[in-house]
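See below for input.txt, which holds compact mmCIF, C-alpha atoms.
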# COMPACT_ATOMS: atom_id res chain seq x y z
CA MET E 16 25.00 -1.69 -3.75
CA THR E 17 28.22 0.16 -4.31
CA THR E 18 29.81 1.51 -1.16
CA SER E 19 32.35 4.18 -0.53
CA SER E 20 34.84 4.88 2.21
CA ALA E 21 33.74 8.50 2.20
CA THR E 22 31.90 9.59 5.31
CA LEU E 23 29.84 12.59 6.25
CA SER E 24 32.59 14.05 8.40
CA PRO E 25 31.46 17.22 10.21
CA ALA E 26 34.84 18.74 9.33
CA THR E 27 34.23 18.45 5.59
CA ILE E 28 30.49 18.03 4.96
CA ASN E 29 27.76 20.31 6.22
CA PRO E 30 24.53 18.32 5.66
CA GLN E 31 22.32 21.03 7.16
CA ARG E 32 23.71 23.71 4.82
CA LEU E 33 23.32 21.44 1.79
CA PHE E 34 19.77 20.52 2.80
CA MET E 35 18.89 24.20 3.28
CA ALA E 36 20.40 25.06 -0.12
CA CYS E 37 18.30 22.32 -1.70
CA CYS E 38 15.17 23.73 -0.04
CA ILE E 39 15.88 27.27 -1.27
CA ALA E 40 16.56 25.95 -4.78
CA LEU E 41 13.18 24.18 -4.65
CA ILE E 42 11.56 27.44 -3.49
CA VAL E 43 12.95 29.11 -6.63
CA THR E 44 11.59 26.23 -8.69
CA ALA E 45 8.14 26.64 -7.14
CA MET E 46 8.17 30.42 -7.50
CA THR E 47 8.76 30.05 -11.24
CA PHE E 48 5.58 27.97 -11.46
CA ALA E 49 3.50 30.34 -9.32
CA ILE E 50 4.66 33.66 -10.75
CA ARG E 51 4.58 32.51 -14.35
CA ALA E 52 1.02 31.27 -13.74
CA GLY E 53 0.19 34.69 -12.30
CA ILE E 54 1.49 36.66 -15.29
CA LEU E 55 -0.11 34.60 -18.08
CA SER E 56 -2.91 37.12 -18.57
CA GLU E 57 -0.48 40.05 -18.69
CA LEU E 58 1.67 38.21 -21.24
CA SER E 59 -1.45 37.51 -23.29
CA VAL E 60 -2.28 41.22 -23.44
CA LYS E 61 1.32 42.37 -23.91
CA PHE E 62 2.12 40.06 -26.82
CA ASN E 63 -1.42 39.30 -28.06
CA PHE E 64 -1.12 35.57 -27.35
CA ASN E 65 -4.06 33.19 -27.44
CA ASN E 66 -4.44 30.38 -24.89
CA THR E 67 -2.80 27.80 -27.15
CA GLU E 68 0.30 29.99 -27.54
CA LEU E 69 0.39 30.54 -23.78
CA GLY E 70 0.13 26.77 -23.42
CA TRP E 71 3.22 26.26 -25.60
CA ILE E 72 5.19 28.82 -23.58
CA ASN E 73 4.10 27.23 -20.31
CA GLY E 74 4.72 23.78 -21.73
CA MET E 75 8.37 24.51 -22.54
CA ALA E 76 9.12 24.92 -18.83
CA PHE E 77 7.64 21.48 -18.26
CA LEU E 78 9.60 20.06 -21.23
CA GLY E 79 12.93 21.41 -19.98
CA PHE E 80 12.24 19.83 -16.61
CA PRO E 81 12.10 16.17 -17.73
CA ILE E 82 15.00 16.60 -20.16
CA ALA E 83 17.14 17.85 -17.27
CA MET E 84 15.96 15.06 -15.00
CA MET E 85 16.67 12.35 -17.56
CA PHE E 86 20.04 13.85 -18.40
CA GLY E 87 20.85 14.39 -14.73
CA GLY E 88 19.75 10.90 -13.76
CA LEU E 89 22.02 9.34 -16.37
CA ILE E 90 25.13 11.31 -15.36
CA TYR E 91 24.51 11.55 -11.60
CA ASN E 92 26.67 8.53 -10.75
CA TYR E 93 29.57 10.15 -12.60
CA VAL E 94 29.33 13.87 -11.78
CA GLY E 95 27.41 13.89 -8.50
CA ALA E 96 24.99 16.40 -7.03
CA ARG E 97 27.40 19.35 -6.96
CA THR E 98 27.76 19.63 -10.75
CA LEU E 99 24.01 19.37 -11.24
CA MET E 100 23.39 22.07 -8.62
CA TYR E 101 25.89 24.36 -10.35
CA LEU E 102 24.09 23.70 -13.63
CA ALA E 103 20.72 24.49 -12.03
CA PHE E 104 22.05 27.80 -10.69
CA ALA E 105 23.44 28.85 -14.09
CA CYS E 106 20.25 27.92 -15.95
CA HIS E 107 18.02 29.65 -13.41
CA LEU E 108 19.94 32.90 -13.85
CA LEU E 109 20.01 32.58 -17.64
CA GLY E 110 16.32 31.70 -17.89
CA LEU E 111 15.18 34.53 -15.62
CA ILE E 112 17.29 37.13 -17.45
CA LEU E 113 16.07 35.91 -20.86
CA THR E 114 12.47 36.13 -19.64
CA ILE E 115 12.92 39.70 -18.41
CA THR E 116 14.43 40.78 -21.74
CA ALA E 117 12.06 38.71 -23.93
CA GLY E 118 10.55 40.43 -26.94
CA GLY E 119 8.00 37.89 -28.10
CA PHE E 120 6.88 34.29 -28.47
CA TRP E 121 10.18 32.65 -29.41
CA THR E 122 12.31 34.34 -26.76
CA LEU E 123 9.73 33.48 -24.09
CA LEU E 124 9.70 29.90 -25.38
CA LEU E 125 13.50 29.69 -25.02
CA SER E 126 13.58 31.31 -21.59
CA SER E 127 10.86 28.94 -20.38
CA PHE E 128 12.95 25.99 -21.49
CA PHE E 129 16.02 27.17 -19.55
CA ILE E 130 13.96 27.75 -16.42
CA GLY E 131 12.42 24.30 -16.79
CA PHE E 132 15.87 22.77 -17.30
CA ALA E 133 17.07 24.49 -14.12
CA ASN E 134 14.06 23.21 -12.19
CA GLY E 135 14.66 19.67 -13.40
CA SER E 136 18.34 19.89 -12.47
CA VAL E 137 17.33 20.85 -8.91
CA GLU E 138 15.16 17.73 -8.60
CA ALA E 139 17.74 15.49 -10.28
CA ALA E 140 20.42 16.65 -7.84
CA CYS E 141 18.51 17.07 -4.59
CA ASN E 142 16.29 13.97 -4.39
CA PRO E 143 19.16 11.42 -4.46
CA LEU E 144 21.44 13.72 -2.46
CA ILE E 145 18.94 13.97 0.40
CA ALA E 146 18.05 10.27 0.20
CA ASP E 147 21.74 9.41 0.53
CA ILE E 148 22.67 11.87 3.28
CA TYR E 149 19.65 10.93 5.38
CA HIS E 150 19.49 7.29 4.29
CA THR E 151 18.15 6.09 7.65
CA ARG E 152 15.17 8.49 7.46
CA LYS E 153 14.97 9.39 3.80
CA THR E 154 11.17 9.26 3.55
CA ALA E 155 10.76 11.85 6.29
CA MET E 156 13.49 14.12 4.92
CA LEU E 157 12.27 13.87 1.33
CA ASN E 158 8.83 14.92 2.55
CA LYS E 159 10.38 17.86 4.44
CA PHE E 160 12.28 18.81 1.30
CA HIS E 161 9.13 18.66 -0.84
CA VAL E 162 7.30 20.87 1.65
CA TRP E 163 9.06 23.74 -0.08
CA PHE E 164 7.48 23.19 -3.46
CA PRO E 165 4.00 24.15 -2.27
CA GLY E 166 5.69 26.45 0.23
CA GLY E 167 7.47 28.21 -2.62
CA ILE E 168 4.19 28.42 -4.53
CA VAL E 169 2.64 30.20 -1.54
CA ILE E 170 5.55 32.64 -1.49
CA GLY E 171 5.42 33.15 -5.25
CA SER E 172 1.62 33.56 -5.31
CA LEU E 173 1.61 36.16 -2.54
CA VAL E 174 4.55 38.01 -4.09
CA SER E 175 2.83 38.03 -7.49
CA ALA E 176 -0.47 39.23 -6.00
CA LEU E 177 1.23 41.99 -3.99
CA MET E 178 3.39 43.19 -6.89
CA THR E 179 0.38 43.20 -9.21
CA LYS E 180 -1.57 45.28 -6.69
CA LEU E 181 1.34 47.70 -6.47
CA GLY E 182 1.35 48.03 -10.24
CA LEU E 183 4.66 46.21 -10.72
CA GLY E 184 4.62 44.39 -14.05
CA TRP E 185 5.60 40.92 -15.13
CA GLN E 186 9.27 41.78 -15.65
CA MET E 187 9.69 42.94 -12.05
CA GLN E 188 7.88 39.83 -10.84
CA ILE E 189 10.33 37.63 -12.73
CA ALA E 190 13.31 39.68 -11.51
CA ILE E 191 12.40 39.15 -7.84
CA MET E 192 13.26 35.45 -8.22
CA ILE E 193 16.90 36.30 -8.88
CA ILE E 194 17.32 37.05 -5.14
CA PRO E 195 16.68 33.50 -3.80
CA THR E 196 18.62 32.13 -6.79
CA LEU E 197 21.71 34.06 -5.69
CA ILE E 198 21.19 32.88 -2.10
CA TYR E 199 21.22 29.18 -2.92
CA GLY E 200 24.13 29.76 -5.30
CA PHE E 201 26.11 31.32 -2.44
CA MET E 202 25.26 28.35 -0.21
CA ILE E 203 26.53 25.68 -2.62
CA PHE E 204 29.62 27.22 -4.21
CA GLY E 205 32.79 26.05 -2.49
CA GLN E 206 30.92 23.51 -0.35
CA PRO E 207 32.06 19.85 -0.33
CA PHE E 208 29.37 17.34 -1.31
CA PRO E 209 29.22 13.74 -0.06
CA SER E 210 29.77 10.77 -2.34
CA MET E 211 26.95 8.28 -2.87
CA ALA E 212 27.91 5.99 -0.02
CA ASN E 213 24.42 4.64 0.68
CA SER E 214 22.83 4.23 -2.74
CA GLU E 215 23.10 1.99 -5.78
CA THR E 216 25.67 3.71 -7.99
CA SER E 217 26.02 1.14 -10.77
CA THR E 218 24.39 2.74 -13.80
CA ALA E 219 24.12 -0.68 -15.49
CA THR E 220 22.18 -2.00 -12.49
CA ASN E 221 20.02 1.15 -12.47
CA ILE E 222 19.12 0.76 -16.15
CA LYS E 223 18.33 -2.95 -15.81
CA ALA E 224 16.00 -2.24 -12.87
CA LEU E 225 14.06 0.31 -14.93
CA PHE E 226 12.41 -2.49 -16.89
CA SER E 227 10.62 -4.02 -13.93
CA PRO E 228 6.82 -4.13 -14.47
CA LEU E 229 6.28 -2.22 -11.23
CA PHE E 230 8.53 0.69 -12.23
CA LEU E 231 6.98 0.93 -15.70
CA PHE E 232 3.48 0.88 -14.19
CA MET E 233 4.40 3.69 -11.80
CA ILE E 234 5.91 5.74 -14.62
CA VAL E 235 2.56 5.66 -16.44
CA CYS E 236 0.74 6.60 -13.24
CA MET E 237 3.21 9.44 -12.63
CA THR E 238 2.25 11.07 -15.92
CA MET E 239 -1.34 11.21 -14.69
CA THR E 240 -0.64 12.35 -11.13
CA ALA E 241 1.48 15.21 -12.45
CA ILE E 242 -1.10 16.57 -14.87
CA SER E 243 -3.81 16.18 -12.22
CA GLU E 244 -1.79 18.46 -9.94
CA PHE E 245 -0.09 20.92 -12.28
CA GLY E 246 -2.75 21.09 -14.96
CA ALA E 247 -5.12 22.96 -12.68
CA GLN E 248 -2.46 24.92 -10.80
CA GLN E 249 -0.77 26.37 -13.88
CA TRP E 250 -4.06 27.57 -15.37
CA VAL E 251 -5.84 28.70 -12.20
CA GLY E 252 -5.14 32.37 -12.91
CA ARG E 253 -6.50 32.14 -16.44
CA ILE E 254 -9.53 30.09 -15.37
CA PHE E 255 -10.67 32.21 -12.43
CA GLU E 256 -9.49 35.68 -13.45
CA SER E 257 -13.07 36.68 -14.30
CA SER E 258 -14.62 35.33 -11.10
CA ASP E 259 -15.11 37.28 -7.87
CA VAL E 260 -12.14 35.65 -6.15
CA HIS E 261 -8.43 36.36 -6.54
CA PRO E 262 -6.79 33.52 -8.52
CA MET E 263 -3.42 33.95 -6.80
CA MET E 264 -5.14 33.63 -3.42
CA ILE E 265 -6.61 30.32 -4.59
CA LEU E 266 -3.13 29.17 -5.60
CA ALA E 267 -1.71 30.32 -2.25
CA LEU E 268 -4.48 28.51 -0.35
CA THR E 269 -3.98 25.21 -2.15
CA ALA E 270 -0.21 25.38 -1.88
CA GLY E 271 -0.35 26.31 1.80
CA LEU E 272 -2.52 23.30 2.59
CA MET E 273 -0.18 21.08 0.58
CA ALA E 274 2.87 22.34 2.46
CA LEU E 275 1.18 21.72 5.80
CA GLY E 276 0.09 18.25 4.74
CA ARG E 277 3.56 17.27 3.51
CA PHE E 278 5.22 18.54 6.68
CA PHE E 279 3.16 16.06 8.69
CA ALA E 280 3.24 13.32 6.03
CA GLY E 281 5.48 10.92 7.96
CA PRO E 282 2.87 9.55 10.39
CA LEU E 283 0.23 9.29 7.65
CA VAL E 284 2.45 7.38 5.23
CA HIS E 285 3.56 5.04 7.99
CA ALA E 286 -0.01 4.49 9.21
CA PHE E 287 -1.32 3.65 5.73
CA ASN E 288 0.34 1.74 2.92
CA PRO E 289 1.67 4.17 0.26
CA ALA E 290 -0.64 2.55 -2.29
CA GLY E 291 -3.58 3.29 -0.01
CA VAL E 292 -2.48 6.91 0.29
CA LEU E 293 -2.38 7.13 -3.52
CA VAL E 294 -5.90 5.68 -3.85
CA MET E 295 -7.32 8.22 -1.42
CA SER E 296 -5.41 11.02 -3.13
CA ALA E 297 -6.89 10.11 -6.51
CA ILE E 298 -10.42 10.00 -5.08
CA VAL E 299 -10.15 13.37 -3.32
CA THR E 300 -8.45 15.01 -6.32
CA THR E 301 -11.27 13.90 -8.62
CA ILE E 302 -13.88 15.25 -6.22
CA GLY E 303 -11.95 18.51 -5.87
CA LEU E 304 -11.74 19.11 -9.63
CA LEU E 305 -15.43 18.31 -10.11
CA LEU E 306 -16.33 20.72 -7.31
CA LEU E 307 -14.13 23.43 -8.86
CA SER E 308 -15.86 22.92 -12.20
CA GLN E 309 -19.20 23.87 -10.62
CA ALA E 310 -18.15 26.32 -7.90
CA SER E 311 -18.69 30.06 -7.68
CA GLY E 312 -17.97 32.70 -5.06
CA PHE E 313 -16.75 31.45 -1.70
CA MET E 314 -17.25 27.82 -2.75
CA ILE E 315 -14.30 28.19 -5.11
CA TYR E 316 -12.04 28.43 -2.04
CA VAL E 317 -13.70 25.40 -0.44
CA SER E 318 -13.39 23.36 -3.63
CA ALA E 319 -9.77 24.43 -4.03
CA ALA E 320 -9.05 23.22 -0.49
CA VAL E 321 -10.50 19.79 -1.33
CA PHE E 322 -8.40 19.66 -4.49
CA ALA E 323 -5.27 20.61 -2.49
CA LEU E 324 -5.84 17.81 0.00
CA GLY E 325 -6.12 15.41 -2.92
CA VAL E 326 -2.87 16.30 -4.70
CA THR E 327 -0.78 16.90 -1.55
CA TYR E 328 0.81 13.46 -1.40
CA PHE E 329 0.96 12.59 -5.10
CA TRP E 330 4.47 13.81 -5.97
CA PRO E 331 6.47 12.93 -2.81
CA THR E 332 4.71 9.57 -2.43
CA MET E 333 5.53 8.61 -6.02
CA ILE E 334 9.20 9.59 -5.58
CA GLY E 335 9.39 7.93 -2.17
CA PHE E 336 7.70 4.80 -3.53
CA THR E 337 10.34 4.61 -6.25
CA SER E 338 13.18 4.90 -3.75
CA GLU E 339 11.69 2.35 -1.37
CA TYR E 340 10.18 -0.29 -3.64
CA THR E 341 12.41 -0.08 -6.73
CA ALA E 342 15.61 0.83 -4.92
CA LYS E 343 17.93 -0.66 -7.55
CA THR E 344 16.87 2.03 -10.01
CA GLY E 345 18.89 4.46 -7.85
CA ALA E 346 19.15 8.16 -8.66
CA LEU E 347 18.24 7.38 -12.28
CA GLY E 348 14.89 5.89 -11.28
CA MET E 349 13.99 8.86 -9.09
CA SER E 350 14.94 11.29 -11.85
CA LEU E 351 13.03 9.45 -14.55
CA MET E 352 9.94 9.22 -12.34
CA GLY E 353 9.86 12.97 -11.84
CA GLY E 354 10.86 13.59 -15.44
CA ALA E 355 7.98 11.50 -16.74
CA GLY E 356 5.57 13.58 -14.71
CA MET E 357 6.84 16.88 -16.03
CA PHE E 358 7.10 15.60 -19.60
CA SER E 359 3.43 14.70 -19.39
CA VAL E 360 2.57 18.22 -18.25
CA SER E 361 4.59 19.74 -21.11
CA MET E 362 2.55 17.73 -23.58
CA TRP E 363 -0.79 18.45 -21.91
CA ASN E 364 -0.36 22.23 -21.44
CA PRO E 365 -1.11 23.11 -25.09
CA VAL E 366 -4.02 20.65 -24.96
CA ILE E 367 -5.45 22.41 -21.90
CA GLY E 368 -4.98 25.75 -23.65
CA GLY E 369 -6.83 24.34 -26.64
CA TRP E 370 -9.66 23.12 -24.37
CA LEU E 371 -9.98 26.65 -23.02
CA ASP E 372 -10.07 28.18 -26.49
CA ASP E 373 -12.65 25.65 -27.72
CA ALA E 374 -14.80 26.03 -24.59
CA LYS E 375 -14.63 29.81 -24.91
CA ALA E 376 -15.85 29.61 -28.50
CA GLU E 377 -18.70 27.31 -27.45
CA ALA E 378 -19.65 29.65 -24.62
CA VAL E 379 -19.80 32.64 -26.97
CA ALA E 380 -21.82 30.62 -29.49
CA SER E 381 -24.31 29.66 -26.78
CA GLY E 382 -24.90 33.29 -25.86
CA VAL E 383 -22.60 33.75 -22.85
CA THR E 384 -21.23 37.28 -22.71
CA GLY E 385 -18.70 39.41 -20.85
CA ASP E 386 -16.47 38.08 -18.10
CA ALA E 387 -18.65 34.99 -17.75
CA VAL E 388 -17.15 33.58 -20.96
CA GLU E 389 -13.73 32.90 -19.39
CA LEU E 390 -15.26 31.41 -16.24
CA VAL E 391 -17.60 29.07 -18.13
CA ALA E 392 -14.74 27.96 -20.37
CA GLY E 393 -12.48 27.35 -17.37
CA GLN E 394 -15.07 25.25 -15.57
CA ALA E 395 -15.61 23.12 -18.67
CA THR E 396 -11.85 22.56 -18.87
CA LEU E 397 -11.73 21.45 -15.23
CA GLN E 398 -14.40 18.85 -15.97
CA ASN E 399 -12.13 17.41 -18.65
CA LEU E 400 -9.17 17.39 -16.24
CA ALA E 401 -11.19 15.48 -13.64
CA MET E 402 -11.22 12.41 -15.89
CA ILE E 403 -7.48 11.91 -15.37
CA PRO E 404 -7.45 11.31 -11.58
CA GLY E 405 -10.63 9.32 -12.16
CA VAL E 406 -8.54 6.80 -14.13
CA LEU E 407 -5.97 6.83 -11.31
CA ILE E 408 -8.59 5.67 -8.82
CA ILE E 409 -8.77 2.38 -10.74
CA ALA E 410 -5.00 2.11 -11.31
CA PHE E 411 -4.05 2.72 -7.67
CA SER E 412 -6.81 0.44 -6.43
CA VAL E 413 -5.21 -2.38 -8.42
CA LEU E 414 -1.84 -1.41 -6.95
CA PHE E 415 -3.31 -1.53 -3.45
CA ILE E 416 -4.88 -4.96 -4.00
CA LEU E 417 -1.60 -6.39 -5.31
CA ARG E 418 0.66 -4.53 -2.86
CA LYS E 419 1.86 -7.65 -0.99
CA ARG E 420 3.32 -9.10 -4.19
CA PHE E 421 5.86 -6.32 -4.58
CA ALA E 422 6.37 -5.02 -1.05
CA HIS E 423 10.12 -4.36 -0.70
CA SER E 424 10.87 -7.02 -3.29
CA GLU E 425 14.03 -5.26 -4.49
Exercise: express the given structure as structure tokens:
Amino acid sequence: MTTSSATLSPATINPQRLFMACCIALIVTAMTFAIRAGILSELSVKFNFNNTELGWINGMAFLGFPIAMMFGGLIYNYVGARTLMYLAFACHLLGLILTITAGGFWTLLLSSFFIGFANGSVEAACNPLIADIYHTRKTAMLNKFHVWFPGGIVIGSLVSALMTKLGLGWQMQIAIMIIPTLIYGFMIFGQPFPSMANSETSTATNIKALFSPLFLFMIVCMTMTAISEFGAQQWVGRIFESSDVHPMMILALTAGLMALGRFFAGPLVHAFNPAGVLVMSAIVTTIGLLLLSQASGFMIYVSAAVFALGVTYFWPTMIGFTSEYTAKTGALGMSLMGGAGMFSVSMWNPVIGGWLDDAKAEAVASGVTGDAVELVAGQATLQNLAMIPGVLIIAFSVLFILRKRFAHSE
């Protein structure tokens, strides 16, 4: 491990301010997911998009994310967290403004990419920064940081629902995100950032460690955990818009439960092996998606709560596992792990949109009419999604059985 003489001197470094800026940047990231999910139907009407086209627009945000994370992970040892945070701020502003002024499919596609790139830059900068600053309690602090992804989704969902009720359109809903963007920009500009004094900063060592069987196995699993979580969340508005519940309230409920669960994650992760936590998460997520695919009325909320409990620990546990068990991969490993997850979602979003279109056609052909068409199609799509965490039950069970072979081996 490379060391540095730099210290977190209170006179030069303000860890609390940097941590708070990271949290607000993650809130912006989460709000982009929630609000863009909430305006899909309005965009469909405004620009006459079908579900596949909406899937491509949504997917570009998830494509920009992994590109930024891979790029950020490779250059982190050379430029540090500050440059990546500056880049995130600039891309957030650019992406939001381009979205507000978009005139059709291609401009929305481009704006989605910039927003996704900004979101990925936030993760690429903040995960290793927090792990290094709080290196003696990084698991706890990373969990507290990741509280604000579901927390930001709650904020974004409620804001979207309120603005929609007030008759404020999609452009105003996008514009509201500029406020927290400016806040975290104000908090980082001019602030000194610490050097990587407590992490592996040899890029050659990082790259070599990427080829360990354990890391490669977890990368594959990450692609499935990500689509299990985000696949349903990004399409919840489209799936349940014709039901008798408010889709943004479902999103707010699931995200709120996830935030609460992550805030108290420390004792759970320490009480159970991380692999055991992942097994249980996969089981509960599968049950939740199957319940959602059959639910109606109030049971949609109950099923959504089960789903939320399932996906709560997927993302932070996978990132934390990478930092703890494949430590030599450094910031690059953490970035690639998250990037693989989001890349998977970018590829699956058009597929999910296609599932919805195909299921809708089948529903119409079978005689379903009116608003019931969208609901039936959405439930069929959720059944397809449930197969993915079903595979993870097997994968993480194997990981749990073999856990003693790799425990802290690096």
Each stretch 348-422 of chain E residue no farther than 10 Å from stretch 86-102 of chain E, nearest pair in Å, only C-alpha atoms, as a tab-separated table:
residue	atom	partner	partner_atom	distance
E:Gly348	CA	E:Gly88	CA	7.4
E:Met349	CA	E:Gly88	CA	7.7
E:Ser350	CA	E:Gly88	CA	5.2
E:Leu351	CA	E:Gly88	CA	6.9
E:Gly354	CA	E:Gly88	CA	9.4
TODO: Skip stretch 159-163 of chain E itself and residues of its chain fewer than 4 positions away, then list as a PyMOL selection string all residues within 9 Å of it, counting all atoms listed in the file.
DONE: chain E and resi 34-35+37-39+41-42+45+141-142+145+154-155+167-168+273-280+330-331
Kindly list the centre and edge lengths in Å, rounded to one decimal, for the axis-aligned box that covers all listed atoms of stretch 67-84 of chain E plus 5 Å on each of its six sides, as JSON.
{"center_x": 7.2, "center_y": 22.8, "center_z": -21.3, "size_x": 29.9, "size_y": 25.5, "size_z": 22.5}
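Here the question is which of E:Leu347, E:Leu181, E:Ala355, E:Leu268 gets nearest to E:Leu225 using all atoms listed in the file, and that residue is E:Leu347.
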- [ ] Find the spatial neighbours of E:Phe128, counting all atoms listed in the file, within a cut-off of 10 Å - ignore same-chain residues fewer than 5 positions away - and output them as a list in words.
- [x]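 Result of the neighbour search: Ile72, Asn73, Gly74, Met75, Ala76, Phe77, Leu78, Gly79, Phe80, Ile82, Cys106, Gly110, Thr122, Leu123, Ala133 and Asn134 of chain E.
When only C-alpha atoms are used to compute distances to E:Trp71, the closest of the residues E:Phe208, E:Phe322, E:Trp363, E:Phe411 turns out to be E:Trp363.
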Task: Polymer residues at most 8 Å from E:Pro195, all atoms listed in the file, same-chain spacing of 3 or more positions, as a ChimeraX atom specification - done: /E:39-40,42-43,192,198-199
- [ ] Select, from E:Leu33, E:Leu371, E:Leu305, E:Ile403, the residue with the minimum atom-to-atom distance to E:Met202, counting all atoms listed in the file.
- [x]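 Nearest to E:Met202: E:Leu33.
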TODO: Considering all atoms listed in the file, return as a ChimeraX atom specification whatever protein or nucleic-acid residues lie within 10 Å of E:Tyr149, sequence-local ones (same chain, fewer than 6 positions apart) excluded.
DONE: /E:30,34,143,155-157,213
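If you measure from each of E:Ala103, E:Leu197, E:Ala219, E:Ala224 to E:Thr337 using all atoms listed in the file, the closest one turns out to be E:Ala224.
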Open item on the list: With distances taken over only C-alpha atoms, which residue among E:Gly53, E:Ser126, E:Gly135, E:Gly271 lies nearest E:Met178?
Closed with: E:Gly53
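Using all atoms listed in the file for every distance, the candidate list E:Val360, E:Ala310, E:Ile298, E:Ile254 yields E:Ile254 as the residue closest to E:Asn66.
Atom pair atom CA of E:Pro81 / atom CA of E:Val413: separated by 27.0 Å.
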Do you know which residues are at most 12 Å from E:Ala297 counting only C-alpha atoms, after dropping those on the same chain fewer than 5 positions away, and could you put them as a CSV table (one decimal) with C-alpha atoms, keeping the file's coordinate frame?
chain,number,residue,atom,x,y,z
E,236,CYS,CA,0.7,6.6,-13.2
E,237,MET,CA,3.2,9.4,-12.6
E,239,MET,CA,-1.3,11.2,-14.7
E,240,THR,CA,-0.6,12.4,-11.1
E,241,ALA,CA,1.5,15.2,-12.4
E,243,SER,CA,-3.8,16.2,-12.2
E,244,GLU,CA,-1.8,18.5,-9.9
E,290,ALA,CA,-0.6,2.6,-2.3
E,291,GLY,CA,-3.6,3.3,0.0
E,292,VAL,CA,-2.5,6.9,0.3
E,302,ILE,CA,-13.9,15.2,-6.2
E,303,GLY,CA,-12.0,18.5,-5.9
E,304,LEU,CA,-11.7,19.1,-9.6
E,321,VAL,CA,-10.5,19.8,-1.3
E,322,PHE,CA,-8.4,19.7,-4.5
E,323,ALA,CA,-5.3,20.6,-2.5
E,324,LEU,CA,-5.8,17.8,0.0
E,325,GLY,CA,-6.1,15.4,-2.9
E,326,VAL,CA,-2.9,16.3,-4.7
E,327,THR,CA,-0.8,16.9,-1.6
E,328,TYR,CA,0.8,13.5,-1.4
E,329,PHE,CA,1.0,12.6,-5.1
E,330,TRP,CA,4.5,13.8,-6.0
E,401,ALA,CA,-11.2,15.5,-13.6
E,402,MET,CA,-11.2,12.4,-15.9
E,403,ILE,CA,-7.5,11.9,-15.4
E,404,PRO,CA,-7.4,11.3,-11.6
E,405,GLY,CA,-10.6,9.3,-12.2
E,406,VAL,CA,-8.5,6.8,-14.1
E,407,LEU,CA,-6.0,6.8,-11.3
E,408,ILE,CA,-8.6,5.7,-8.8
E,409,ILE,CA,-8.8,2.4,-10.7
E,410,ALA,CA,-5.0,2.1,-11.3
E,411,PHE,CA,-4.0,2.7,-7.7
E,412,SER,CA,-6.8,0.4,-6.4
Task: Gap from atom CA of E:Val169 to atom CA of E:Phe62 - Å, one decimal - done: 27.1 Å
Open item on the list: As an exercise, work out the distance from atom CA of E:Leu390 to atom CA of E:Leu307 in Å and give it to one decimal place.
Closed with: 10.9 Å
- [ ] For a cut-off of 7 Å around (25.8, 23.8, -0.1), file coordinates, pick out all residues using all atoms listed in the file and list them as a ChimeraX atom specification.
- [x] /E:32-33,36,202-204,206
Rebuild stretch 407-414 of chain E so that it carries N, CA, C and O atoms, then output the result as an mmCIF file, keeping the file's coordinate frame.
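Result file part_29.cif:
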data_model
loop_
_atom_site.group_PDB
_atom_site.id
_atom_site.type_symbol
_atom_site.label_atom_id
_atom_site.label_comp_id
_atom_site.auth_asym_id
_atom_site.auth_seq_id
_atom_site.Cartn_x
_atom_site.Cartn_y
_atom_site.Cartn_z
ATOM 1 N N LEU E 407 -6.931 7.222 -12.350
ATOM 2 C CA LEU E 407 -5.970 6.830 -11.310
ATOM 3 C C LEU E 407 -6.630 6.101 -10.141
ATOM 4 O O LEU E 407 -5.983 5.300 -9.469
ATOM 5 N N ILE E 408 -7.882 6.384 -9.886
ATOM 6 C CA ILE E 408 -8.590 5.670 -8.820
ATOM 7 C C ILE E 408 -8.546 4.168 -9.097
ATOM 8 O O ILE E 408 -8.266 3.350 -8.213
ATOM 9 N N ILE E 409 -8.790 3.801 -10.352
ATOM 10 C CA ILE E 409 -8.770 2.380 -10.740
ATOM 11 C C ILE E 409 -7.342 1.836 -10.682
ATOM 12 O O ILE E 409 -7.089 0.763 -10.122
ATOM 13 N N ALA E 410 -6.380 2.591 -11.235
ATOM 14 C CA ALA E 410 -5.000 2.110 -11.310
ATOM 15 C C ALA E 410 -4.419 1.886 -9.911
ATOM 16 O O ALA E 410 -3.796 0.846 -9.632
ATOM 17 N N PHE E 411 -4.615 2.854 -9.016
ATOM 18 C CA PHE E 411 -4.050 2.720 -7.670
ATOM 19 C C PHE E 411 -4.808 1.714 -6.819
ATOM 20 O O PHE E 411 -4.244 1.136 -5.885
ATOM 21 N N SER E 412 -6.068 1.486 -7.135
ATOM 22 C CA SER E 412 -6.810 0.440 -6.430
ATOM 23 C C SER E 412 -6.219 -0.933 -6.758
ATOM 24 O O SER E 412 -6.078 -1.792 -5.880
ATOM 25 N N VAL E 413 -5.873 -1.136 -8.019
ATOM 26 C CA VAL E 413 -5.210 -2.380 -8.420
ATOM 27 C C VAL E 413 -3.872 -2.502 -7.708
ATOM 28 O O VAL E 413 -3.509 -3.572 -7.197
ATOM 29 N N LEU E 414 -3.122 -1.411 -7.650
ATOM 30 C CA LEU E 414 -1.840 -1.410 -6.950
ATOM 31 C C LEU E 414 -2.019 -1.783 -5.493
ATOM 32 O O LEU E 414 -1.234 -2.550 -4.928
#
